[in-house]
>>> print(open('target_15.cif').read())   # mmCIF, C-alpha atoms
data_structure
loop_
_atom_site.label_atom_id
_atom_site.label_comp_id
_atom_site.auth_asym_id
_atom_site.auth_seq_id
_atom_site.Cartn_x
_atom_site.Cartn_y
_atom_site.Cartn_z
CA MET A 10 -56.85 35.74 -27.42
CA THR A 11 -56.85 32.03 -28.19
CA THR A 12 -54.12 31.05 -30.64
CA LEU A 13 -55.13 28.54 -33.30
CA THR A 14 -52.88 26.14 -35.17
CA PRO A 15 -54.15 26.56 -38.75
CA ALA A 16 -55.71 23.73 -40.71
CA GLY A 17 -53.50 24.10 -43.79
CA PRO A 18 -51.21 23.51 -45.60
CA PRO A 19 -51.22 19.69 -45.66
CA ARG A 20 -49.86 18.12 -42.50
CA PRO A 21 -46.31 16.73 -42.53
CA ARG A 22 -46.25 12.96 -42.74
CA PRO A 23 -45.34 11.35 -39.40
CA GLY A 24 -42.33 9.13 -39.26
CA GLY A 25 -38.60 9.02 -38.85
CA VAL A 26 -36.28 8.12 -36.03
CA ARG A 27 -36.31 11.58 -34.46
CA GLU A 28 -40.10 11.69 -34.44
CA ALA A 29 -40.14 8.27 -32.78
CA ASN A 30 -37.54 9.41 -30.23
CA ALA A 31 -39.61 12.49 -29.44
CA ALA A 32 -42.65 10.28 -28.81
CA LEU A 33 -40.60 8.03 -26.51
CA VAL A 34 -39.31 10.96 -24.48
CA LEU A 35 -42.68 12.68 -24.31
CA GLY A 36 -44.40 9.42 -23.35
CA ALA A 37 -41.97 8.73 -20.51
CA ILE A 38 -42.50 12.21 -19.12
CA ARG A 39 -46.28 11.89 -19.43
CA GLN A 40 -46.35 8.51 -17.69
CA GLU A 41 -43.81 9.06 -14.94
CA GLY A 42 -42.79 12.73 -14.83
CA PRO A 43 -41.30 14.78 -13.42
CA LEU A 44 -38.11 12.97 -14.52
CA SER A 45 -34.52 14.03 -14.91
CA ARG A 46 -32.91 13.66 -18.30
CA ALA A 47 -30.81 10.81 -16.94
CA ALA A 48 -33.95 9.00 -15.72
CA ILE A 49 -35.60 9.49 -19.12
CA SER A 50 -32.49 8.13 -20.81
CA ARG A 51 -32.63 4.95 -18.72
CA ARG A 52 -36.34 4.42 -19.26
CA VAL A 53 -36.35 4.80 -23.05
CA SER A 54 -32.84 3.48 -23.78
CA LEU A 55 -31.69 6.61 -25.59
CA SER A 56 -28.40 8.44 -25.07
CA MET A 57 -28.26 11.46 -22.79
CA ALA A 58 -27.36 13.63 -25.78
CA THR A 59 -30.43 12.46 -27.72
CA VAL A 60 -32.70 12.97 -24.72
CA SER A 61 -31.31 16.45 -24.09
CA ARG A 62 -31.89 17.47 -27.71
CA GLN A 63 -35.44 16.15 -27.62
CA VAL A 64 -36.24 17.84 -24.30
CA ALA A 65 -34.95 21.15 -25.66
CA ALA A 66 -37.05 20.84 -28.81
CA LEU A 67 -40.18 19.76 -26.93
CA ALA A 68 -39.75 22.61 -24.45
CA GLU A 69 -39.48 25.10 -27.30
CA LEU A 70 -42.82 23.78 -28.60
CA GLY A 71 -44.42 24.28 -25.19
CA LEU A 72 -44.92 20.56 -24.52
CA VAL A 73 -42.52 20.11 -21.59
CA ARG A 74 -40.89 22.33 -19.00
CA GLU A 75 -38.19 22.13 -16.39
CA VAL A 76 -39.26 22.00 -12.75
CA PRO A 77 -36.25 23.48 -10.92
CA GLU A 78 -38.02 23.58 -7.56
CA LEU A 79 -37.95 19.75 -7.55
CA THR A 80 -34.19 19.54 -8.19
CA ARG A 81 -32.42 17.28 -5.71
CA HIS A 82 -29.30 18.96 -4.35
CA GLY A 83 -26.40 17.44 -2.48
CA ALA A 84 -25.59 14.64 -4.91
CA ILE A 85 -22.22 14.42 -6.65
CA GLY A 86 -22.06 16.22 -9.99
CA ARG A 87 -24.31 18.72 -11.68
CA PRO A 88 -27.85 18.96 -10.23
CA ARG A 89 -30.37 17.08 -12.36
CA VAL A 90 -33.34 19.35 -13.03
CA PRO A 91 -36.55 17.33 -13.53
CA VAL A 92 -38.68 17.75 -16.63
CA ASP A 93 -42.49 17.51 -16.68
CA ILE A 94 -45.38 17.97 -19.09
CA ASP A 95 -46.17 21.64 -19.56
CA ASP A 96 -49.94 21.76 -19.21
CA SER A 97 -50.13 25.54 -18.96
CA SER A 98 -50.24 26.78 -22.54
CA ILE A 99 -51.38 24.20 -25.14
CA ALA A 100 -54.89 22.78 -25.42
CA ALA A 101 -56.86 20.41 -27.62
CA CYS A 102 -60.48 20.95 -28.55
CA GLY A 103 -62.91 18.09 -29.04
CA VAL A 104 -66.46 17.42 -30.22
CA HIS A 105 -68.40 14.25 -29.48
CA ILE A 106 -71.52 13.92 -31.63
CA GLY A 107 -74.01 11.56 -30.02
CA VAL A 108 -77.45 10.51 -31.15
CA THR A 109 -79.19 13.02 -28.88
CA THR A 110 -76.40 15.07 -27.27
CA THR A 111 -73.34 16.79 -28.69
CA THR A 112 -70.53 17.63 -26.27
CA CYS A 113 -67.70 20.08 -26.87
CA GLY A 114 -64.63 20.29 -24.66
CA LEU A 115 -61.23 21.90 -24.27
CA ALA A 116 -58.50 19.88 -22.53
CA ASP A 117 -54.90 20.41 -21.44
CA LEU A 118 -52.01 18.07 -22.25
CA ARG A 119 -52.92 15.75 -19.36
CA GLY A 120 -56.47 15.30 -20.59
CA GLY A 121 -57.78 17.62 -17.90
CA LEU A 122 -60.99 19.29 -19.02
CA LEU A 123 -60.69 23.08 -18.96
CA CYS A 124 -64.26 23.82 -20.07
CA SER A 125 -67.10 22.07 -21.85
CA ASP A 126 -70.52 22.62 -23.36
CA ARG A 127 -73.46 20.38 -24.30
CA ILE A 128 -76.21 20.94 -26.83
CA PRO A 129 -78.91 18.75 -28.35
CA THR A 130 -77.46 17.14 -31.45
CA PRO A 131 -78.75 19.18 -34.42
CA ARG A 132 -81.11 17.09 -36.56
CA SER A 133 -80.74 19.27 -39.63
CA ALA A 134 -78.80 18.36 -42.77
CA PRO A 135 -75.21 17.31 -41.95
CA GLU A 136 -73.69 20.49 -43.38
CA ASP A 137 -76.01 22.67 -41.29
CA ALA A 138 -75.53 20.51 -38.19
CA LEU A 139 -71.76 20.79 -38.41
CA ALA A 140 -72.02 24.54 -38.99
CA THR A 141 -74.04 24.83 -35.76
CA ILE A 142 -71.49 22.71 -33.90
CA ALA A 143 -68.64 24.83 -35.28
CA GLU A 144 -70.29 27.92 -33.79
CA ARG A 145 -70.25 26.27 -30.36
CA VAL A 146 -66.61 25.32 -30.84
CA ARG A 147 -65.69 28.93 -31.59
CA ALA A 148 -67.58 30.06 -28.49
CA LEU A 149 -65.82 27.42 -26.39
CA LEU A 150 -62.39 28.60 -27.51
CA ARG A 151 -63.14 31.97 -25.99
CA CYS A 152 -63.34 30.44 -22.50
CA ARG A 153 -59.53 30.04 -22.36
CA PRO A 154 -58.10 32.73 -24.64
CA GLU A 155 -54.57 32.27 -23.29
CA ARG A 156 -54.30 28.74 -24.72
CA THR A 157 -52.79 27.69 -28.03
CA VAL A 158 -55.26 25.21 -29.53
CA VAL A 159 -53.45 22.65 -31.69
CA GLY A 160 -56.40 20.82 -33.17
CA LEU A 161 -60.04 19.79 -33.06
CA GLY A 162 -60.97 16.17 -32.42
CA LEU A 163 -64.24 14.75 -33.70
CA ALA A 164 -65.41 11.52 -32.07
CA THR A 165 -68.66 9.87 -33.01
CA GLY A 166 -70.35 6.54 -33.60
CA GLY A 167 -71.15 4.83 -36.87
CA ARG A 168 -68.40 4.32 -39.43
CA VAL A 169 -65.55 6.80 -39.19
CA ASP A 170 -63.11 6.88 -42.11
CA ILE A 171 -60.10 8.47 -40.46
CA ALA A 172 -57.99 8.61 -43.61
CA GLU A 173 -60.63 10.34 -45.74
CA GLY A 174 -62.33 12.33 -42.98
CA LEU A 175 -65.77 10.88 -43.72
CA VAL A 176 -68.56 9.82 -41.35
CA ASP A 177 -71.45 7.39 -41.93
CA HIS A 178 -73.92 7.43 -39.03
CA ASP A 179 -77.13 5.47 -39.51
CA ARG A 180 -78.86 6.91 -36.46
CA LEU A 181 -78.21 10.47 -37.66
CA GLY A 182 -78.93 9.71 -41.30
CA TRP A 183 -75.38 10.67 -42.35
CA ARG A 184 -73.83 9.09 -45.47
CA ALA A 185 -70.22 9.82 -46.46
CA VAL A 186 -70.35 13.23 -44.75
CA PRO A 187 -67.03 15.09 -45.28
CA ALA A 188 -66.89 16.06 -41.62
CA ARG A 189 -63.21 16.89 -41.52
CA THR A 190 -63.34 19.24 -44.49
CA LEU A 191 -66.49 20.98 -43.26
CA LEU A 192 -65.19 21.51 -39.71
CA GLU A 193 -61.74 22.62 -40.82
CA SER A 194 -63.33 25.19 -43.10
CA ALA A 195 -65.67 26.42 -40.36
CA THR A 196 -63.19 26.55 -37.46
CA GLY A 197 -59.78 27.06 -39.06
CA LEU A 198 -58.41 24.18 -36.97
CA PRO A 199 -56.88 20.92 -38.19
CA VAL A 200 -59.49 18.24 -37.49
CA HIS A 201 -58.74 14.68 -36.39
CA LEU A 202 -61.49 12.05 -36.51
CA ASP A 203 -61.89 8.90 -34.46
CA GLY A 204 -64.59 6.45 -33.51
CA HIS A 205 -65.96 7.51 -30.15
CA VAL A 206 -65.32 4.26 -28.25
CA PRO A 207 -61.73 3.79 -29.53
CA ALA A 208 -61.14 7.42 -28.50
CA MET A 209 -62.45 6.63 -25.00
CA ALA A 210 -60.17 3.61 -24.79
CA ASN A 211 -57.27 5.80 -25.88
CA ALA A 212 -58.11 8.32 -23.14
CA GLU A 213 -57.84 5.52 -20.59
CA VAL A 214 -54.51 4.40 -22.06
CA LEU A 215 -53.05 7.90 -22.02
CA PHE A 216 -54.61 9.43 -18.93
CA GLY A 217 -56.05 6.62 -16.83
CA PRO A 218 -54.73 5.88 -13.35
CA GLY A 219 -51.34 4.16 -13.14
CA ARG A 220 -49.58 2.53 -16.05
CA ALA A 221 -51.72 1.43 -18.96
CA PRO A 222 -52.40 -2.32 -18.99
CA ARG A 223 -50.93 -4.32 -21.84
CA SER A 224 -54.43 -5.09 -23.09
CA LEU A 225 -57.62 -3.18 -22.31
CA LEU A 226 -61.27 -3.78 -23.14
CA TYR A 227 -63.40 -0.64 -22.96
CA PHE A 228 -67.19 -0.95 -22.87
CA TYR A 229 -69.50 2.03 -23.47
CA ALA A 230 -73.25 2.38 -23.02
CA ARG A 231 -75.51 5.40 -23.28
CA GLU A 232 -77.62 6.21 -26.35
CA VAL A 233 -75.65 3.53 -28.19
CA VAL A 234 -73.34 0.73 -27.11
CA GLY A 235 -69.83 -0.07 -28.26
CA VAL A 236 -66.58 -1.73 -27.30
CA ALA A 237 -62.93 -1.03 -28.05
CA ILE A 238 -59.81 -3.08 -27.52
CA ALA A 239 -56.37 -1.54 -26.97
CA VAL A 240 -53.21 -3.67 -27.09
CA ASP A 241 -49.78 -2.28 -26.16
CA GLY A 242 -51.30 1.19 -25.92
CA ARG A 243 -52.90 1.16 -29.38
CA PRO A 244 -56.68 0.94 -29.85
CA HIS A 245 -57.78 -1.35 -32.66
CA ARG A 246 -59.90 0.55 -35.18
CA GLY A 247 -60.20 -1.67 -38.22
CA PRO A 248 -61.68 -0.16 -41.41
CA GLY A 249 -64.02 2.04 -39.36
CA ARG A 250 -66.63 -0.02 -37.52
CA ALA A 251 -64.56 -2.00 -35.03
CA GLY A 252 -66.46 -2.57 -31.77
CA ASP A 253 -70.00 -2.43 -33.16
CA ILE A 254 -71.91 -4.58 -30.66
CA ALA A 255 -75.38 -3.08 -31.08
CA HIS A 256 -76.77 -6.45 -32.17
CA LEU A 257 -74.87 -8.64 -29.73
CA PRO A 258 -77.50 -11.18 -28.59
CA ILE A 259 -77.91 -11.21 -24.83
CA GLY A 260 -81.41 -12.65 -24.48
CA GLY A 261 -84.66 -10.94 -23.64
CA ASP A 262 -87.78 -10.02 -25.57
CA GLN A 263 -87.01 -6.43 -26.58
CA ARG A 264 -87.61 -5.91 -30.29
CA CYS A 265 -84.69 -4.37 -32.20
CA ARG A 266 -84.97 -2.20 -35.31
CA CYS A 267 -83.14 -5.02 -37.12
CA GLY A 268 -86.21 -7.23 -36.59
CA ARG A 269 -84.71 -9.56 -34.02
CA THR A 270 -85.17 -9.63 -30.25
CA GLY A 271 -82.61 -9.56 -27.48
CA CYS A 272 -80.03 -7.29 -29.17
CA LEU A 273 -77.83 -5.45 -26.68
CA GLU A 274 -78.54 -1.86 -27.77
CA ALA A 275 -82.28 -2.49 -27.98
CA THR A 276 -82.12 -3.71 -24.38
CA VAL A 277 -79.86 -1.23 -22.56
CA SER A 278 -79.85 2.05 -24.52
CA GLU A 279 -81.43 5.15 -23.01
CA GLU A 280 -84.10 5.07 -25.71
CA ALA A 281 -85.00 1.47 -24.88
CA VAL A 282 -85.09 1.90 -21.12
CA THR A 283 -87.09 5.12 -21.14
CA ARG A 284 -89.57 3.68 -23.66
CA ARG A 285 -90.25 0.77 -21.30
CA ALA A 286 -90.64 3.23 -18.44
CA VAL A 287 -93.25 5.19 -20.42
CA GLU A 288 -95.09 1.98 -21.32
CA ALA A 289 -95.13 1.02 -17.62
CA GLY A 290 -96.54 4.40 -16.62
CA VAL A 291 -93.49 5.37 -14.58
CA ILE A 292 -92.78 8.55 -16.55
CA ALA A 293 -94.83 10.61 -18.99
CA GLU A 294 -92.15 11.04 -21.66
CA PRO A 295 -88.91 9.21 -22.53
CA ASP A 296 -86.36 11.13 -20.49
CA MET A 297 -83.57 9.56 -18.40
CA ARG A 298 -83.68 12.48 -16.02
CA LEU A 299 -87.34 11.74 -15.23
CA LEU A 300 -86.59 8.06 -14.78
CA GLY A 301 -83.78 8.89 -12.38
CA GLU A 302 -86.11 11.14 -10.39
CA ALA A 303 -88.69 8.36 -10.20
CA ASP A 304 -86.01 5.99 -8.95
CA ASP A 305 -84.86 8.51 -6.34
CA ALA A 306 -88.48 8.82 -5.20
CA GLY A 307 -88.60 5.07 -4.58
CA ASP A 308 -90.67 3.92 -7.57
CA PRO A 309 -90.18 0.11 -7.61
CA VAL A 310 -90.72 -0.22 -11.36
CA ALA A 311 -88.09 2.44 -12.08
CA SER A 312 -85.71 0.58 -9.81
CA ARG A 313 -86.43 -2.73 -11.53
CA LEU A 314 -85.85 -1.27 -14.99
CA LEU A 315 -82.50 0.23 -14.02
CA ALA A 316 -81.43 -2.95 -12.26
CA GLU A 317 -82.36 -5.03 -15.29
CA ARG A 318 -80.34 -2.74 -17.52
CA ALA A 319 -77.31 -3.02 -15.24
CA GLN A 320 -77.61 -6.80 -15.16
CA ALA A 321 -77.85 -6.97 -18.96
CA ILE A 322 -74.72 -4.83 -19.28
CA GLY A 323 -72.95 -7.13 -16.83
CA ARG A 324 -73.84 -10.16 -18.95
CA ALA A 325 -72.61 -8.47 -22.12
CA VAL A 326 -69.33 -7.38 -20.54
CA ALA A 327 -68.77 -10.91 -19.22
CA MET A 328 -69.33 -12.34 -22.70
CA LEU A 329 -66.89 -9.89 -24.27
CA ARG A 330 -64.30 -10.40 -21.57
CA ASP A 331 -64.42 -14.15 -22.06
CA VAL A 332 -63.80 -13.72 -25.79
CA VAL A 333 -60.93 -11.23 -25.50
CA ASP A 334 -59.39 -12.14 -22.09
CA PRO A 335 -57.89 -8.65 -21.55
CA ASP A 336 -55.66 -7.58 -18.69
CA ALA A 337 -58.20 -4.93 -17.68
CA VAL A 338 -61.81 -3.95 -18.37
CA VAL A 339 -63.06 -0.35 -18.08
CA LEU A 340 -66.69 0.71 -18.26
CA GLY A 341 -67.88 4.14 -19.39
CA GLY A 342 -70.96 6.00 -20.52
CA GLN A 343 -73.86 7.50 -18.62
CA ALA A 344 -75.74 4.20 -18.51
CA ILE A 345 -73.06 3.29 -15.97
CA THR A 346 -71.68 6.50 -14.49
CA ASP A 347 -75.10 8.12 -13.99
CA ALA A 348 -76.43 5.04 -12.20
CA PRO A 349 -73.95 4.47 -9.33
CA ASP A 350 -76.58 2.72 -7.21
CA TYR A 351 -76.74 -0.07 -9.79
CA VAL A 352 -73.03 -0.70 -10.31
CA ASP A 353 -73.20 -3.57 -7.81
CA ASP A 354 -75.97 -5.17 -9.87
CA LEU A 355 -73.77 -4.87 -12.95
CA LEU A 356 -70.69 -6.32 -11.25
CA HIS A 357 -72.61 -9.20 -9.66
CA SER A 358 -74.09 -10.05 -13.05
CA PHE A 359 -70.64 -9.89 -14.62
CA ALA A 360 -69.15 -12.19 -11.99
CA ALA A 361 -72.03 -14.65 -12.35
CA HIS A 362 -71.69 -14.92 -16.14
CA THR A 363 -67.96 -14.76 -16.86
CA ALA A 364 -66.43 -18.18 -17.43
CA LEU A 365 -62.78 -17.17 -17.11
CA PRO A 366 -61.16 -17.77 -13.73
CA GLY A 367 -59.53 -14.99 -11.74
CA GLY A 368 -59.04 -11.47 -12.94
CA GLU A 369 -60.16 -8.18 -11.45
CA LEU A 370 -63.67 -6.85 -11.70
CA PRO A 371 -64.27 -4.16 -14.31
CA ALA A 372 -63.33 -0.63 -13.29
CA ILE A 373 -65.46 2.46 -13.88
CA THR A 374 -63.85 5.20 -15.95
CA ARG A 375 -62.45 8.04 -13.89
CA PHE A 376 -63.79 10.57 -16.40
CA GLY A 377 -67.41 10.10 -15.34
CA PRO A 378 -69.90 12.25 -17.30
CA ASP A 379 -67.00 14.06 -19.02
CA VAL A 380 -65.90 10.94 -20.89
CA GLN A 381 -67.30 12.09 -24.25
CA ALA A 382 -65.51 15.46 -24.13
CA VAL A 383 -62.21 13.98 -22.94
CA ALA A 384 -62.36 11.26 -25.60
CA ALA A 385 -62.94 13.79 -28.36
CA CYS A 386 -59.98 15.87 -27.17
CA THR A 387 -57.90 12.69 -27.04
CA SER A 388 -58.43 12.35 -30.80
CA VAL A 389 -55.95 15.23 -30.97
CA LEU A 390 -53.84 14.48 -27.89
CA GLY A 391 -53.20 10.89 -28.92
CA ARG A 392 -51.71 12.09 -32.19
CA LEU A 393 -49.75 14.78 -30.38
CA TYR A 394 -48.10 12.24 -28.09
CA GLY A 395 -47.48 9.82 -30.95
CA HIS A 396 -46.20 12.33 -33.54
CA PRO A 397 -45.56 15.69 -31.85
CA TYR A 398 -43.56 17.30 -34.65
CA ALA A 399 -45.91 16.16 -37.39
CA LEU A 400 -49.02 17.34 -35.56
CA LEU A 401 -47.53 20.73 -34.76
CA GLY A 402 -46.26 21.13 -38.33
CA THR A 403 -42.59 21.51 -37.35
CA GLU A 404 -39.43 19.95 -38.68
CA ASN A 405 -37.69 17.24 -36.66
CA PRO A 406 -34.82 18.70 -34.66
#
>>> encode(input="target_15.cif", output="structure tokens")
Amino acid sequence: MTTLTPAGPPRPRPGGVREANAALVLGAIRQEGPLSRAAISRRVSLSMATVSRQVAALAELGLVREVPELTRHGAIGRPRVPVDIDDSSIAACGVHIGVTTTTCGLADLRGGLLCSDRIPTPRSAPEDALATIAERVRALLRCRPERTVVGLGLATGGRVDIAEGLVDHDRLGWRAVPARTLLESATGLPVHLDGHVPAMANAEVLFGPGRAPRSLLYFYAREVVGVAIAVDGRPHRGPGRAGDIAHLPIGGDQRCRCGRTGCLEATVSEEAVTRRAVEAGVIAEPDMRLLGEADDAGDPVASRLLAERAQAIGRAVAMLRDVVDPDAVVLGGQAITDAPDYVDDLLHSFAAHTALPGGELPAITRFGPDVQAVAACTSVLGRLYGHPYALLGTENP
């Protein structure tokens, strides 16, 4: 059966040299493993004795393992057995609560999705909605009963108070909802909150291809829009609403609920695009699936609407890139990943509107339609890699 790390008693406070050393060792193995202890020592500038103690402690916790079959023989001295992330036993659970869709996922220590589930976001009172979501979490845990689940991540939009475990979400009608307390009580798991776009940026930092860039701008578009900035591997979160770009003015005549026209979310969100498609007679009801089918069937108005959305996203990303000047830009969300035929429109619009010279074009997230689930799980995994002993409730070795 699935093993759960219990929600209480209160979590140990992260900190201390040994905790920091554990994070350094674990990070080196995650980024470049398998590595020998000597290679880890060189990369993180710790003594061999310190590295060996940390590897032993992390292996006892099920976070790393030796890979003897990759040992290089024939060199002078004792063979150096490589160490790698152990992705066979521990898992993190995650819930992404969107405006219309809630996604649950279970991921291994590399951010690999083991199983997932999607349901319409419950529109009942917050307490009832979270109770319904907790039921789906418990069902999801049964898909991999051999795993030890170390926490539940909750990623959502609106204002997320990580310290207090509270969520304000205007689109859902939530005000100071004690989401952490309610979910911990319902699931028995320690719950870790994060804003959904910072969590997506963190997933790219931890599990994206190659080494993480020094600075990253992550842009998200689906039911809502948002942006996150990560510098030196740490997403900026602010007091809880960092990256709110719903009302970024990008031109156009689409009326926003704020009363103005030309706001980004009112132009490119699924709600906005499908509403225009209904008004144009392309589809009978506001449904992105129906709009996609109309586009596949060659409807020119459907094609124009999707192209216009892609071009508007390109303009917005160019504007944000010019302000931040990051080393890399990554794009995620179904407005992008579910419309691959319009990525060229987006990139051409970006290139036409950015004022900064040089630089690579934005990349599309490798997580595709699973980005919400992976991001929610990363709300746990990011803390695990940063403070492994504190998250697992163990004493520093």
>>> closest_residue(input="target_15.cif", among="A:Thr59, A:Ser45, A:Thr141, A:Thr363", to="Ala31 of chain A", atoms="all atoms listed in the file")
A:Thr59
>>> atom_distance(input="target_15.cif", atom1="atom CA of Asp117 of chain A", atom2="atom CA of Gly162 of chain A")
13.2 Å
>>> atom_distance(input="target_15.cif", atom1="atom CA of Phe216 of chain A", atom2="atom CA of Leu393 of chain A")
13.5 Å
>>> atom_distance(input="target_15.cif", atom1="atom CA of Arg151 of chain A", atom2="atom CA of Val104 of chain A")
15.5 Å
>>> residues_around(input="target_15.cif", residues="Leu390 of chain A", least_positions_apart="3", cutoff="8 Å", atoms="only C-alpha atoms", output="ChimeraX atom specification")
/A:101,118,120,386-387,393-394
>>> closest_residue(input="target_15.cif", among="A:Ala289, A:Cys272, A:Ala344, A:Ala37", to="Gly301 of chain A", atoms="all atoms listed in the file")
A:Ala344
>>> resolve_selection(input="target_15.cif", expression="the PyMOL selection byres ((chain A and resi 330) around 10)", output="PyMOL selection string")
chain A and resi 225-228+324-329+331-338+359+363-365+371
>>> resolve_selection(input="target_15.cif", expression="the PyMOL selection byres ((chain A and resi 168) around 9)", output="VMD selection string")
chain A and resid 165 to 167 169 to 170 175 to 179 204 248 to 251
>>> closest_residue(input="target_15.cif", among="A:Thr130, A:Asn30, A:Thr283, A:Thr110", to="Ala66 of chain A", atoms="only C-alpha atoms")
A:Asn30
>>> residues_around(input="target_15.cif", residues="Asp241 of chain A", least_positions_apart="2", cutoff="9 Å", atoms="all atoms listed in the file", output="ChimeraX atom specification")
/A:221-225,239,243-244
>>> closest_residue(input="target_15.cif", among="A:Val64, A:Val92, A:Ala281, A:Cys102", to="Arg266 of chain A", atoms="all atoms listed in the file")
A:Ala281
>>> residues_around(input="target_15.cif", residues="segment 253-262 of chain A", least_positions_apart="2", cutoff="8 Å", atoms="all atoms listed in the file", output="list in words")
Val233, Val234, Gly235, Val236, Arg250, Ala251, Arg264, Thr270, Gly271, Cys272, Leu273, Glu274, Ala275, Thr276, Ala321, Arg324 and Ala325 of chain A
>>> residues_around(input="target_15.cif", residues="Ala195 of chain A", least_positions_apart="4", cutoff="12 Å", atoms="only C-alpha atoms", output="list in words")
Pro15, Ala16, Glu136, Asp137, Ala138, Leu139, Ala140, Thr141, Ile142, Ala143, Glu144, Arg145, Val146, Arg147, Leu161, Ala188, Arg189, Thr190, Leu191, Pro199 and Val200 of chain A
>>> residues_around(input="target_15.cif", residues="Leu123 of chain A", least_positions_apart="6", cutoff="12 Å", atoms="only C-alpha atoms", output="PyMOL selection string")
chain A and resi 96-103+113-117+149-156+379+382-383+386
>>> closest_residue(input="target_15.cif", among="A:Arg220, A:Gly71, A:Gly242, A:Leu79", to="Gly395 of chain A", atoms="only C-alpha atoms")
A:Gly242
>>> resolve_selection(input="target_15.cif", expression="the PyMOL selection byres ((chain A and resi 27) around 12)", output="PyMOL selection string")
chain A and resi 23-26+28-34+55+59-60+62-64+66-67+395-399+404-406
>>> closest_residue(input="target_15.cif", among="A:Gly36, A:Pro207, A:Pro131, A:Gly368", to="Gly252 of chain A", atoms="only C-alpha atoms")
A:Pro207
